[in-house]
Amino acid sequence: MLAEETITFDLIRRIQREEQRQPKLTRLPENFYSNVAAYVTQKKNLAETKEDKRMALEIKSIEMLIEDIFNRRERKIINTAINSARTGIPPENMIEEEQAFYEGILSFIKTRRNDILKNILKEPEIKEEIKPGEKTKETAAILSTTPALTTTAGISAKMAKDMASLIVFKEDVSSFVGSDMRLYGPFKKGDIAKVPDENMKVLLERGIVEEFKVSKD
């Protein structure tokens, strides 16, 4: 993580360009998201006070850049989790706010690989020896630090409302324009992604993807 920097439009634009250009996560300034939130709030308050239309357009541009940075990093984190599950290589340049999301995705992928792939390949699951009395502590520690991940089966309406949907592609899919008029894909078999609900419904009906839930917290 880089040292904390003063948030400006030029800084946000530079970071967005780097995220767009680099296939891996780039280094963000310390406290980037919280500082950006304060910066945007300050801009909005100033725009309302002065009724400045030009500043209102600038705020809209800033919000679009931030959303693009967030979306690109989200996709990179998901792909990083997939690679980490396969290779054991840890991620780089991930900030604190992204760590829990990464660990939750990684936990789900490892469980899925263990339940399906290892069973097919007949690879024995390696379990660490746990001393008496440590099992309960280990379970409690995992539950307190890892976001809840689950399939859609058996989720109550309240739980579903508090969770975001992701999909796992069961086959290769070419790029497509989503219902929000943004370009998605192309996707390879095994990729995990987030797409608009309308497109997700179609993909699920065609049996091309599998849905799972991740906590929004």
# chains A, B, ... in the order shown; residues from 1 in each chain; ligands from 1
$ residues_around --residues "range 192-201 of chain A" --least-positions-apart "5" --cutoff "9 Å" --atoms "only C-alpha atoms" --output "list in words"
Arg75, Ile78, Asn79, Ile82, Ala164, Ser165, Leu166, Ile167, Val168, Phe169, Gly178, Ser179, Asp180, Tyr184, Gly185, Phe187, Arg206, Val209 and Glu211 of chain A
$ closest_residue --among "A:Ser84, A:Ile116, A:Gln99, A:Thr6" --to "Ala38 in chain A" --atoms "only C-alpha atoms"
A:Thr6
$ closest_residue --among "A:Ile12, A:Met64, A:Leu183, A:Ala81" --to "Tyr39 in chain A" --atoms "only C-alpha atoms"
A:Ile12
$ atom_distance --atom1 "CA of Lys170 in chain A" --atom2 "CA of Gln22 in chain A"
26.7 Å
$ closest_residue --among "A:Ile69, A:Ile77, A:Gln16, A:Leu57" --to "Gly104 in chain A" --atoms "only C-alpha atoms"
A:Ile77
$ residues_around --residues "Asp68 in chain A" --least-positions-apart "3" --cutoff "12 Å" --atoms "only C-alpha atoms" --output "VMD selection string"
chain A and resid 12 to 13 15 to 20 61 to 65 71 to 75 182
$ atom_distance --atom1 "CA of Pro186 in chain A" --atom2 "CA of Glu67 in chain A"
20.4 Å
$ residues_around --residues "Arg113 in chain A" --least-positions-apart "2" --cutoff "12 Å" --atoms "only C-alpha atoms" --output "PyMOL selection string"
chain A and resi 82+85-86+106-111+115-123+125+190
$ write_last_selection --atoms "N, CA and C atoms" --output "mmCIF file, in the first residue's frame"
data_model
loop_
_atom_site.group_PDB
_atom_site.id
_atom_site.type_symbol
_atom_site.label_atom_id
_atom_site.label_comp_id
_atom_site.auth_asym_id
_atom_site.auth_seq_id
_atom_site.Cartn_x
_atom_site.Cartn_y
_atom_site.Cartn_z
ATOM 1 N N ILE A 82 -9.273 -17.488 -7.380
ATOM 2 C CA ILE A 82 -9.267 -18.720 -8.182
ATOM 3 C C ILE A 82 -7.834 -19.210 -8.359
ATOM 4 N N ALA A 85 -6.370 -20.546 -5.088
ATOM 5 C CA ALA A 85 -6.890 -21.868 -4.746
ATOM 6 C C ALA A 85 -6.168 -22.955 -5.534
ATOM 7 N N ARG A 86 -5.760 -22.635 -6.754
ATOM 8 C CA ARG A 86 -5.101 -23.615 -7.622
ATOM 9 C C ARG A 86 -3.603 -23.700 -7.368
ATOM 10 N N LEU A 106 -12.151 -17.268 -1.562
ATOM 11 C CA LEU A 106 -11.144 -18.338 -1.541
ATOM 12 C C LEU A 106 -11.655 -19.555 -0.776
ATOM 13 N N SER A 107 -12.312 -19.314 0.359
ATOM 14 C CA SER A 107 -12.861 -20.408 1.155
ATOM 15 C C SER A 107 -13.899 -21.191 0.369
ATOM 16 N N PHE A 108 -14.778 -20.480 -0.333
ATOM 17 C CA PHE A 108 -15.813 -21.141 -1.135
ATOM 18 C C PHE A 108 -15.193 -21.976 -2.247
ATOM 19 N N ILE A 109 -14.213 -21.404 -2.944
ATOM 20 C CA ILE A 109 -13.583 -22.108 -4.070
ATOM 21 C C ILE A 109 -12.869 -23.361 -3.581
ATOM 22 N N LYS A 110 -12.133 -23.257 -2.475
ATOM 23 C CA LYS A 110 -11.428 -24.425 -1.944
ATOM 24 C C LYS A 110 -12.403 -25.529 -1.549
ATOM 25 N N THR A 111 -13.516 -25.134 -0.924
ATOM 26 C CA THR A 111 -14.522 -26.125 -0.531
ATOM 27 C C THR A 111 -15.122 -26.795 -1.759
ATOM 28 N N ASP A 115 -14.868 -30.715 -2.694
ATOM 29 C CA ASP A 115 -16.084 -31.528 -2.775
ATOM 30 C C ASP A 115 -16.268 -32.181 -4.136
ATOM 31 N N ILE A 116 -15.816 -31.495 -5.200
ATOM 32 C CA ILE A 116 -16.075 -32.000 -6.555
ATOM 33 C C ILE A 116 -14.824 -32.539 -7.228
ATOM 34 N N LEU A 117 -13.835 -31.675 -7.417
ATOM 35 C CA LEU A 117 -12.660 -32.054 -8.196
ATOM 36 C C LEU A 117 -11.837 -33.135 -7.514
ATOM 37 N N LYS A 118 -11.519 -32.940 -6.230
ATOM 38 C CA LYS A 118 -10.688 -33.927 -5.542
ATOM 39 C C LYS A 118 -11.378 -35.284 -5.440
ATOM 40 N N ASN A 119 -12.716 -35.247 -5.343
ATOM 41 C CA ASN A 119 -13.459 -36.498 -5.287
ATOM 42 C C ASN A 119 -13.338 -37.262 -6.600
ATOM 43 N N ILE A 120 -13.351 -36.506 -7.706
ATOM 44 C CA ILE A 120 -13.218 -37.126 -9.030
ATOM 45 C C ILE A 120 -11.815 -37.687 -9.224
ATOM 46 N N LEU A 121 -10.821 -36.911 -8.807
ATOM 47 C CA LEU A 121 -9.429 -37.320 -8.987
ATOM 48 C C LEU A 121 -8.952 -38.281 -7.901
ATOM 49 N N LYS A 122 -9.831 -38.530 -6.932
ATOM 50 C CA LYS A 122 -9.516 -39.467 -5.854
ATOM 51 C C LYS A 122 -8.281 -39.033 -5.061
ATOM 52 N N GLU A 123 -8.149 -37.723 -4.876
ATOM 53 C CA GLU A 123 -7.041 -37.240 -4.078
ATOM 54 C C GLU A 123 -7.478 -37.186 -2.619
ATOM 55 N N GLU A 125 -8.031 -36.047 1.055
ATOM 56 C CA GLU A 125 -8.016 -34.734 1.694
ATOM 57 C C GLU A 125 -7.047 -34.753 2.863
ATOM 58 N N GLY A 190 -15.323 -22.064 -15.269
ATOM 59 C CA GLY A 190 -14.734 -21.955 -13.944
ATOM 60 C C GLY A 190 -14.592 -20.524 -13.454
#
$ closest_residue --among "A:Met181, A:Leu203, A:Ser175, A:Ile66" --to "Ser34 in chain A" --atoms "only C-alpha atoms"
A:Ile66
